[in-house]
>>> print(open('data_28.cif').read())   # mmCIF, C-alpha atoms
data_target
#
loop_
_atom_site.label_atom_id
_atom_site.label_comp_id
_atom_site.auth_asym_id
_atom_site.auth_seq_id
_atom_site.Cartn_x
_atom_site.Cartn_y
_atom_site.Cartn_z
CA MET X 739 0.00 0.00 0.00
CA MET X 740 1.15 3.56 -0.76
CA MET X 741 0.87 6.57 1.52
CA LEU X 742 0.76 10.26 0.63
CA ILE X 743 3.30 12.69 2.02
CA ASN X 744 4.22 16.25 1.14
CA CYS X 745 7.50 16.94 -0.62
CA SER X 746 9.80 18.74 1.84
CA GLY X 747 10.80 21.13 -0.94
CA CYS X 748 7.78 22.09 -3.07
CA ARG X 749 4.95 20.52 -0.98
CA THR X 750 3.71 18.41 -3.89
CA PRO X 751 1.84 15.27 -2.69
CA LEU X 752 4.05 12.21 -3.27
CA GLN X 753 3.13 8.52 -3.12
CA LEU X 754 5.55 6.74 -0.81
CA PRO X 755 5.82 2.96 -1.35
CA HIS X 756 5.14 0.84 1.72
CA GLY X 757 8.20 0.61 3.94
CA ALA X 758 10.27 3.15 2.05
CA PRO X 759 12.19 5.51 4.38
CA CYS X 760 12.42 8.36 1.86
CA ILE X 761 11.40 9.53 -1.60
CA ARG X 762 12.85 11.94 -4.15
CA CYS X 763 10.53 14.48 -5.78
CA ALA X 764 10.61 14.39 -9.57
CA ILE X 765 9.62 18.08 -9.71
CA CYS X 766 12.11 19.83 -7.43
CA GLY X 767 14.52 16.97 -6.68
CA ALA X 768 14.23 17.27 -2.90
CA VAL X 769 14.54 14.10 -0.83
CA THR X 770 11.84 13.72 1.84
CA HIS X 771 12.58 11.37 4.75
CA VAL X 772 9.78 9.73 6.73
CA ALA X 773 10.15 8.63 10.33
CA PRO X 774 8.22 5.53 11.48
CA ALA X 775 5.05 6.28 13.41
CA PRO X 776 5.39 5.94 17.23
CA HIS X 777 3.24 2.80 17.29
CA ALA X 778 5.02 1.18 14.35
CA ASP X 779 7.84 -1.34 14.52
CA PRO X 780 11.00 0.55 13.42
CA SER X 781 12.87 -2.71 12.82
CA ARG X 782 10.44 -3.54 10.02
CA GLY X 783 10.31 -0.03 8.62
CA ALA X 784 6.52 0.05 8.98
CA VAL X 785 5.08 3.38 7.93
CA GLN X 786 1.62 4.67 8.76
CA PRO X 787 -0.43 7.04 6.59
CA ALA X 788 -0.04 10.77 7.10
CA PRO X 789 -1.92 12.01 10.18
CA GLY X 790 -5.34 13.44 9.58
CA TRP X 791 -6.26 11.18 6.67
CA GLY X 792 -7.67 8.24 8.60
CA PRO X 793 -6.58 4.62 9.05
CA PRO X 794 -5.18 2.46 6.25
CA PRO X 795 -8.00 1.20 4.01
CA PRO X 796 -8.97 -2.41 4.74
CA PRO X 797 -7.81 -4.96 2.16
CA ALA X 798 -11.33 -6.26 1.41
CA HIS X 799 -12.99 -5.29 -1.86
CA GLY X 800 -16.31 -3.48 -2.02
CA ARG X 801 -15.08 -0.55 0.06
CA LYS X 802 -16.85 2.77 0.18
CA ARG X 803 -14.92 6.01 0.49
CA ALA X 804 -15.98 9.66 0.20
CA VAL X 805 -14.64 13.21 0.28
CA VAL X 806 -17.28 15.75 1.30
CA CYS X 807 -16.30 19.42 1.02
CA GLY X 808 -18.36 22.46 2.01
CA ILE X 809 -16.84 25.95 2.00
CA SER X 810 -18.58 29.00 3.48
CA TYR X 811 -15.75 31.55 2.95
CA ARG X 812 -16.76 32.88 6.35
CA TYR X 813 -16.02 36.54 7.16
CA SER X 814 -15.28 37.39 3.53
CA ARG X 815 -17.32 39.19 0.88
CA HIS X 816 -17.63 35.82 -0.87
CA GLU X 817 -19.46 34.24 2.09
CA LEU X 818 -22.04 31.52 1.41
CA LYS X 819 -24.62 30.38 3.94
CA GLY X 820 -25.56 26.86 2.89
CA CYS X 821 -22.39 25.02 1.91
CA ILE X 822 -21.48 23.59 5.31
CA ASN X 823 -25.12 22.50 5.69
CA ASP X 824 -24.75 20.74 2.33
CA ALA X 825 -21.66 18.87 3.50
CA LYS X 826 -23.30 17.72 6.73
CA CYS X 827 -26.45 16.59 4.93
CA MET X 828 -24.47 14.72 2.29
CA ARG X 829 -22.41 12.94 4.93
CA HIS X 830 -25.62 11.90 6.72
CA LEU X 831 -27.13 10.64 3.45
CA LEU X 832 -24.05 8.59 2.60
CA MET X 833 -23.99 6.97 6.04
CA THR X 834 -27.73 6.29 6.47
CA ARG X 835 -28.86 5.54 2.93
CA PHE X 836 -25.75 4.08 1.31
CA ASN X 837 -23.93 2.53 4.27
CA PHE X 838 -20.69 4.51 4.03
CA PRO X 839 -18.70 3.96 7.25
CA ASP X 840 -18.11 7.12 9.26
CA ASP X 841 -14.33 6.65 9.19
CA SER X 842 -14.35 6.31 5.40
CA ILE X 843 -15.63 9.87 4.88
CA ILE X 844 -13.25 12.84 4.85
CA MET X 845 -15.11 16.04 5.78
CA LEU X 846 -13.55 19.33 4.73
CA ASN X 847 -15.03 22.57 6.08
CA GLU X 848 -14.10 25.59 8.19
CA GLU X 849 -15.63 24.10 11.34
CA GLN X 850 -13.01 21.35 11.53
CA THR X 851 -10.40 21.57 14.27
CA ASP X 852 -7.99 19.29 12.43
CA PRO X 853 -5.82 21.50 10.17
CA TYR X 854 -5.79 18.72 7.56
CA LYS X 855 -9.57 19.08 7.23
CA ILE X 856 -9.73 22.82 6.46
CA PRO X 857 -10.74 23.16 2.76
CA THR X 858 -7.57 24.82 1.51
CA LYS X 859 -6.28 24.13 -1.98
CA HIS X 860 -3.58 21.83 -0.61
CA ASN X 861 -5.98 19.87 1.60
CA ILE X 862 -8.55 19.42 -1.18
CA ARG X 863 -5.77 18.13 -3.43
CA MET X 864 -4.60 15.72 -0.75
CA ALA X 865 -8.17 14.54 -0.18
CA MET X 866 -8.62 13.82 -3.89
CA TYR X 867 -5.43 11.75 -3.91
CA TRP X 868 -6.61 9.93 -0.78
CA LEU X 869 -9.95 9.17 -2.42
CA VAL X 870 -8.50 7.12 -5.28
CA GLN X 871 -5.37 5.80 -3.59
CA GLY X 872 -5.22 2.02 -3.68
CA CYS X 873 -8.73 1.63 -5.10
CA GLN X 874 -9.67 -1.86 -6.29
CA PRO X 875 -12.49 -3.51 -8.24
CA GLY X 876 -15.73 -3.26 -6.28
CA ASP X 877 -14.88 0.07 -4.64
CA SER X 878 -17.42 2.93 -4.61
CA LEU X 879 -16.02 6.46 -4.35
CA VAL X 880 -17.86 9.76 -3.87
CA PHE X 881 -16.58 13.33 -4.26
CA HIS X 882 -19.00 16.06 -3.12
CA TYR X 883 -18.17 19.76 -3.33
CA SER X 884 -20.33 22.72 -2.33
CA GLY X 885 -18.80 26.16 -2.75
CA HIS X 886 -17.82 28.75 -5.30
CA GLY X 887 -17.11 27.78 -8.88
CA ALA X 888 -15.71 29.88 -11.69
CA GLN X 889 -14.25 29.77 -15.20
CA GLN X 890 -10.95 30.79 -16.73
CA ARG X 891 -9.76 31.00 -20.31
CA ASN X 892 -8.47 27.75 -21.80
CA TYR X 893 -5.55 28.08 -24.21
CA SER X 894 -4.98 24.41 -25.06
CA GLY X 895 -8.07 24.01 -27.25
CA ASP X 896 -9.39 21.15 -25.07
CA GLU X 897 -12.61 22.94 -24.05
CA VAL X 898 -15.62 23.13 -26.37
CA ASP X 899 -16.59 26.57 -25.01
CA GLY X 900 -13.02 27.85 -24.67
CA PHE X 901 -13.11 27.94 -20.86
CA ASP X 902 -11.82 25.71 -18.07
CA GLU X 903 -14.17 25.22 -15.13
CA THR X 904 -12.69 25.69 -11.66
CA LEU X 905 -13.41 25.09 -7.98
CA CYS X 906 -12.50 27.79 -5.47
CA PRO X 907 -10.82 26.52 -2.29
CA LEU X 908 -10.92 28.58 0.88
CA ASP X 909 -7.55 30.19 0.05
CA PHE X 910 -8.16 30.69 -3.69
CA GLU X 911 -7.28 34.39 -3.52
CA THR X 912 -3.69 33.56 -2.54
CA GLN X 913 -3.22 29.96 -3.76
CA GLY X 914 -5.38 29.96 -6.88
CA MET X 915 -8.26 27.80 -8.04
CA ILE X 916 -8.41 24.08 -8.84
CA VAL X 917 -8.91 23.62 -12.58
CA ASP X 918 -11.06 20.88 -14.11
CA ASP X 919 -8.02 19.39 -15.86
CA GLU X 920 -6.41 18.75 -12.48
CA ILE X 921 -9.59 17.25 -11.03
CA ASN X 922 -9.82 14.90 -14.02
CA THR X 923 -6.19 13.86 -13.64
CA ALA X 924 -6.54 13.33 -9.89
CA ILE X 925 -9.79 11.37 -9.53
CA VAL X 926 -10.95 10.28 -13.00
CA ARG X 927 -7.94 9.09 -14.98
CA PRO X 928 -6.58 6.69 -12.29
CA LEU X 929 -9.84 4.70 -11.88
CA PRO X 930 -9.21 1.03 -12.78
CA HIS X 931 -11.76 -1.48 -14.03
CA GLY X 932 -14.47 -2.26 -11.47
CA VAL X 933 -14.16 1.01 -9.53
CA LYS X 934 -17.05 3.46 -9.53
CA LEU X 935 -16.79 7.22 -8.85
CA HIS X 936 -19.74 9.56 -8.35
CA ALA X 937 -19.12 13.30 -8.14
CA LEU X 938 -21.67 15.84 -6.93
CA ILE X 939 -20.54 19.39 -7.69
CA ASP X 940 -22.79 22.12 -6.26
CA ALA X 941 -21.14 25.21 -7.71
CA CYS X 942 -21.51 27.68 -10.53
CA HIS X 943 -20.17 26.86 -13.99
CA SER X 944 -19.95 23.23 -12.87
CA GLY X 945 -21.52 21.40 -15.82
CA THR X 946 -18.23 19.87 -16.95
CA ALA X 947 -16.22 20.39 -13.75
CA LEU X 948 -14.70 16.89 -14.00
CA ASP X 949 -13.91 17.25 -17.72
CA LEU X 950 -15.70 13.98 -18.46
CA PRO X 951 -16.00 13.13 -22.17
CA PHE X 952 -19.80 13.01 -22.46
CA LEU X 953 -22.61 15.32 -21.31
CA CYS X 954 -26.28 14.31 -21.15
CA ARG X 955 -28.23 17.13 -22.80
CA MET X 956 -31.81 16.76 -21.55
CA ASN X 957 -34.85 18.90 -22.41
CA ARG X 958 -37.85 19.69 -20.20
CA SER X 959 -39.71 16.65 -21.50
CA GLY X 960 -36.96 14.34 -20.28
CA GLN X 961 -35.70 13.51 -23.77
CA TYR X 962 -31.94 13.50 -24.02
CA VAL X 963 -28.91 13.05 -26.23
CA TRP X 964 -25.29 12.56 -25.22
CA GLU X 965 -22.99 15.37 -26.36
CA ASP X 966 -19.41 14.45 -27.21
CA HIS X 967 -17.04 16.71 -25.25
CA ARG X 968 -13.86 14.82 -26.03
CA PRO X 969 -11.02 17.28 -26.75
CA ARG X 970 -10.12 17.79 -30.39
CA SER X 971 -6.50 17.33 -29.40
CA GLY X 972 -7.20 13.67 -28.66
CA VAL X 973 -6.23 13.96 -24.98
CA TRP X 974 -8.02 11.19 -23.08
CA LYS X 975 -10.34 12.48 -20.35
CA GLY X 976 -11.88 9.15 -19.39
CA THR X 977 -10.84 6.55 -16.83
CA SER X 978 -8.42 3.62 -16.88
CA GLY X 979 -11.34 1.20 -17.17
CA GLY X 980 -13.45 2.35 -14.22
CA GLU X 981 -16.71 4.29 -14.19
CA ALA X 982 -17.05 8.02 -13.50
CA ILE X 983 -20.39 9.85 -13.37
CA SER X 984 -21.01 13.40 -12.19
CA PHE X 985 -24.11 15.39 -11.20
CA SER X 986 -23.51 19.13 -11.22
CA GLY X 987 -25.55 22.12 -10.12
CA CYS X 988 -25.82 23.87 -13.47
CA ASP X 989 -24.48 24.21 -16.98
CA ASP X 990 -21.04 25.70 -17.61
CA ASP X 991 -22.53 29.12 -18.43
CA GLN X 992 -24.96 29.18 -15.49
CA THR X 993 -24.82 29.99 -11.78
CA SER X 994 -25.94 27.84 -8.85
CA ALA X 995 -28.01 29.14 -5.96
CA ASP X 996 -27.24 29.17 -2.25
CA THR X 997 -30.76 29.67 -0.95
CA SER X 998 -33.40 29.07 1.73
CA ALA X 999 -36.16 28.95 -0.88
CA LEU X 1000 -36.13 25.15 -1.02
CA SER X 1001 -35.84 24.01 2.59
CA LYS X 1002 -37.87 26.99 3.94
CA ILE X 1003 -35.81 26.61 7.12
CA THR X 1004 -32.14 27.23 6.40
CA SER X 1005 -29.81 27.93 3.50
CA THR X 1006 -28.63 25.09 1.29
CA GLY X 1007 -27.16 24.63 -2.14
CA ALA X 1008 -30.08 24.13 -4.54
CA MET X 1009 -28.45 21.18 -6.27
CA THR X 1010 -27.48 19.33 -3.08
CA PHE X 1011 -30.96 19.84 -1.57
CA CYS X 1012 -32.69 18.56 -4.71
CA PHE X 1013 -30.38 15.56 -5.05
CA ILE X 1014 -30.98 14.47 -1.45
CA GLN X 1015 -34.72 15.11 -1.79
CA ALA X 1016 -34.87 12.90 -4.90
CA ILE X 1017 -33.25 10.06 -2.98
CA GLU X 1018 -35.42 10.54 0.11
CA ARG X 1019 -38.65 10.64 -1.94
CA GLY X 1020 -37.87 7.45 -3.81
CA GLN X 1021 -37.09 9.21 -7.08
CA GLY X 1022 -33.51 7.97 -7.16
CA THR X 1023 -34.00 4.65 -8.94
CA THR X 1024 -32.19 5.67 -12.13
CA TYR X 1025 -29.88 8.49 -13.20
CA GLY X 1026 -32.61 9.87 -15.43
CA SER X 1027 -35.18 9.92 -12.64
CA ILE X 1028 -32.77 11.78 -10.35
CA LEU X 1029 -31.86 14.36 -12.98
CA ASN X 1030 -35.53 14.92 -13.87
CA SER X 1031 -36.53 15.24 -10.22
CA MET X 1032 -33.77 17.77 -9.48
CA ARG X 1033 -34.60 19.87 -12.52
CA THR X 1034 -38.34 19.82 -11.83
CA THR X 1035 -37.88 20.91 -8.21
CA ILE X 1036 -35.58 23.78 -9.15
CA ARG X 1037 -37.79 24.83 -12.05
CA ASN X 1038 -40.90 24.88 -9.87
CA THR X 1039 -39.08 26.87 -7.20
CA GLY X 1040 -37.77 29.33 -9.75
CA ASP X 1041 -41.20 29.79 -11.29
CA SER X 1042 -42.91 30.35 -7.93
CA ALA X 1043 -44.01 33.90 -7.35
CA GLY X 1044 -42.15 35.79 -4.66
CA VAL X 1045 -39.35 33.25 -4.31
CA GLY X 1046 -35.83 34.67 -4.41
CA GLY X 1047 -32.89 32.69 -5.70
CA GLY X 1048 -30.58 33.52 -2.84
CA ALA X 1049 -26.86 34.00 -3.35
CA ALA X 1050 -25.36 32.72 -6.57
CA THR X 1051 -22.30 30.63 -5.74
CA SER X 1052 -20.35 32.22 -8.56
CA LEU X 1053 -17.06 33.89 -7.78
CA ILE X 1054 -17.38 35.97 -10.95
CA THR X 1055 -20.85 37.18 -9.95
CA MET X 1056 -19.67 38.03 -6.45
CA LEU X 1057 -16.65 39.95 -7.72
CA LEU X 1058 -18.66 41.91 -10.30
CA THR X 1059 -21.33 42.85 -7.76
CA GLY X 1060 -18.86 43.62 -4.98
CA GLY X 1061 -20.16 40.73 -2.92
CA SER X 1062 -23.84 41.59 -3.26
CA LEU X 1063 -26.42 38.85 -3.47
CA SER X 1064 -28.28 37.89 -6.60
CA THR X 1065 -32.05 38.09 -6.68
CA GLY X 1066 -34.86 36.54 -8.66
CA GLY X 1067 -35.87 32.94 -9.21
CA LEU X 1068 -33.64 29.92 -9.65
CA ARG X 1069 -32.38 29.69 -13.22
CA GLN X 1070 -29.99 26.76 -13.01
CA GLU X 1071 -30.32 23.38 -14.72
CA PRO X 1072 -28.47 20.45 -13.09
CA GLN X 1073 -26.32 18.46 -15.50
CA LEU X 1074 -25.12 14.86 -15.84
CA THR X 1075 -21.75 13.92 -17.34
CA ALA X 1076 -20.04 10.54 -17.67
CA CYS X 1077 -16.99 8.76 -18.99
CA GLU X 1078 -19.22 6.75 -21.37
CA PRO X 1079 -22.79 7.27 -22.68
CA PHE X 1080 -25.51 5.04 -21.21
CA ASP X 1081 -29.30 4.74 -21.02
CA VAL X 1082 -30.11 7.10 -18.13
CA TYR X 1083 -33.57 5.59 -17.63
CA ALA X 1084 -32.41 1.97 -17.62
CA LYS X 1085 -29.23 2.22 -15.55
CA PRO X 1086 -29.98 1.81 -11.81
CA PHE X 1087 -28.46 4.41 -9.52
CA SER X 1088 -26.38 3.21 -6.60
CA LEU X 1089 -23.45 4.44 -4.53
#
>>> encode(input="data_28.cif", output="C-alpha cells")
Amino acid sequence: MMMLINCSGCRTPLQLPHGAPCIRCAICGAVTHVAPAPHADPSRGAVQPAPGWGPPPPPAHGRKRAVVCGISYRYSRHELKGCINDAKCMRHLLMTRFNFPDDSIIMLNEEQTDPYKIPTKHNIRMAMYWLVQGCQPGDSLVFHYSGHGAQQRNYSGDEVDGFDETLCPLDFETQGMIVDDEINTAIVRPLPHGVKLHALIDACHSGTALDLPFLCRMNRSGQYVWEDHRPRSGVWKGTSGGEAISFSGCDDDQTSADTSALSKITSTGAMTFCFIQAIERGQGTTYGSILNSMRTTIRNTGDSAGVGGGAATSLITMLLTGGSLSTGGLRQEPQLTACEPFDVYAKPFSL
C-alpha cells in the first residue's frame, strides 16, 4: 500500500511505497525522509499514513470512500450560507442511505479543528489523492463539493466553449483555483476497471467540472442526447477502465443558488438539496429519474411567485457585484456527465 506525504521542498503530494524511508521528488529533486510512526515497529520499517487522513484502508474489496467538502468563505465578501449544511447533509445521506462507514468519509469545512480538514487548496488536493489511492475492483467512491465555482480562459483548445471550469478553495485568492483538468487527472484518470466514482458538484459553472467526455443534454420533456465533449487534441479524459459519473448544479454558463427557498428553514445549495430530496422521496431509482426530479424541483421553485434565488455561488458574480447577493428565481439546470454514454432511464443508480 502507498501513503501520501508532502514533498519537503515544493509541498507536492508524493506517493511513498510501503516501507520506504524516503522519496525523491521528480519536480524539485528534494529528498523527503519519513520517520516511522510511534506505534510502528521501526525494525520492520513500517510506515503509517499521514496524520489526519484516517486509518489504512482495509484490504477487502467493495469498500466505500468519500470526500465531502463544504466551504462557506466565512467573514469574507464571498461568504455563502448553505455550503457547510450541504456537506453535513451529504455525509448523513451517505452513512444512512448508502452505508458509508463514518471513518471512510473525509469532511472538509471551516468548522473542523484538524488543520488537515480545512478546505484549503492543498488539503482538497490531498483529499482527492486519498480518495483514489489504492482503489480496487468493487470500490465505490464519492466526491462532493459545495462552494464557489468559476471559469478561466483555456488556451490548449481542449474545451468546447473555450473555458476551463474551476473550484475555489478557501484560500483561492492567494493559492489559486483548482482547474477541471487537475480534477480529471486526480480522480478520474486513475480509476481502474471495477471502480465506480460519483461526483456531486454544487457550484456555478460546474456542468463539466470533472472534464468527463460526455454530457447528457436533456430537455424539459426528459428527452436527451449525449454530447461528445472529447477534446479535439485527442487527450483522453476518461478513466483507466473504471466508471465516472457526475451530477452538477448547473451548466457551464450558469450559476448555482445558495438559498433558503427550497428548505424553507435554512440555507442550502439548490443542487445538493434537490439531489438528497430525490433520494429521500424514492425518485432515485435511475440516473434519469434523479436528474428529472432535481430539474423539476428547481424549475418549480424558480417559477414560484415571490421566491428569491438567494446567493449565486459564482465567484465571478460576487466579484462583479462587490459581494452583493443575486435576486430573482432559480435559473440553473443540473447536469449529468459521464466517462461513457448510457441509457439514463435503464441504468440503476447506486453508490
>>> resolve_selection(input="data_28.cif", expression="the PyMOL selection byres ((chain X and resi 974) around 12)", output="list of chain:residue names")
X:Asp896, X:Asp919, X:Asn922, X:Thr923, X:Val926, X:Arg927, X:Pro928, X:Asp949, X:Leu950, X:Pro951, X:Phe952, X:His967, X:Arg968, X:Pro969, X:Arg970, X:Ser971, X:Gly972, X:Val973, X:Lys975, X:Gly976, X:Thr977, X:Ser978, X:Cys1077
>>> closest_residue(input="data_28.cif", among="X:Ile1028, X:Ala768, X:Leu879, X:Ile916", to="His936 in chain X", atoms="all atoms listed in the file")
X:Leu879
>>> closest_residue(input="data_28.cif", among="X:Arg958, X:His830, X:His816, X:His886", to="Ala941 in chain X", atoms="all atoms listed in the file")
X:His886
>>> closest_residue(input="data_28.cif", among="X:Leu1029, X:Met915, X:Cys1012, X:Ala758", to="Tyr962 in chain X", atoms="only C-alpha atoms")
X:Leu1029
>>> closest_residue(input="data_28.cif", among="X:Tyr813, X:Ala982, X:Phe1087, X:Ser884", to="Gly1020 in chain X", atoms="only C-alpha atoms")
X:Phe1087
>>> atom_distance(input="data_28.cif", atom1="CA of Leu1074 in chain X", atom2="CA of Phe985 in chain X")
4.8 Å
>>> residues_around(input="data_28.cif", residues="Leu905 in chain X", least_positions_apart="6", cutoff="9 Å", atoms="all atoms listed in the file", output="PyMOL selection string")
chain X and resi 883+885-889+915-918+941-942+944+947
>>> atom_distance(input="data_28.cif", atom1="CA of Leu831 in chain X", atom2="CA of Glu1018 in chain X")
8.9 Å
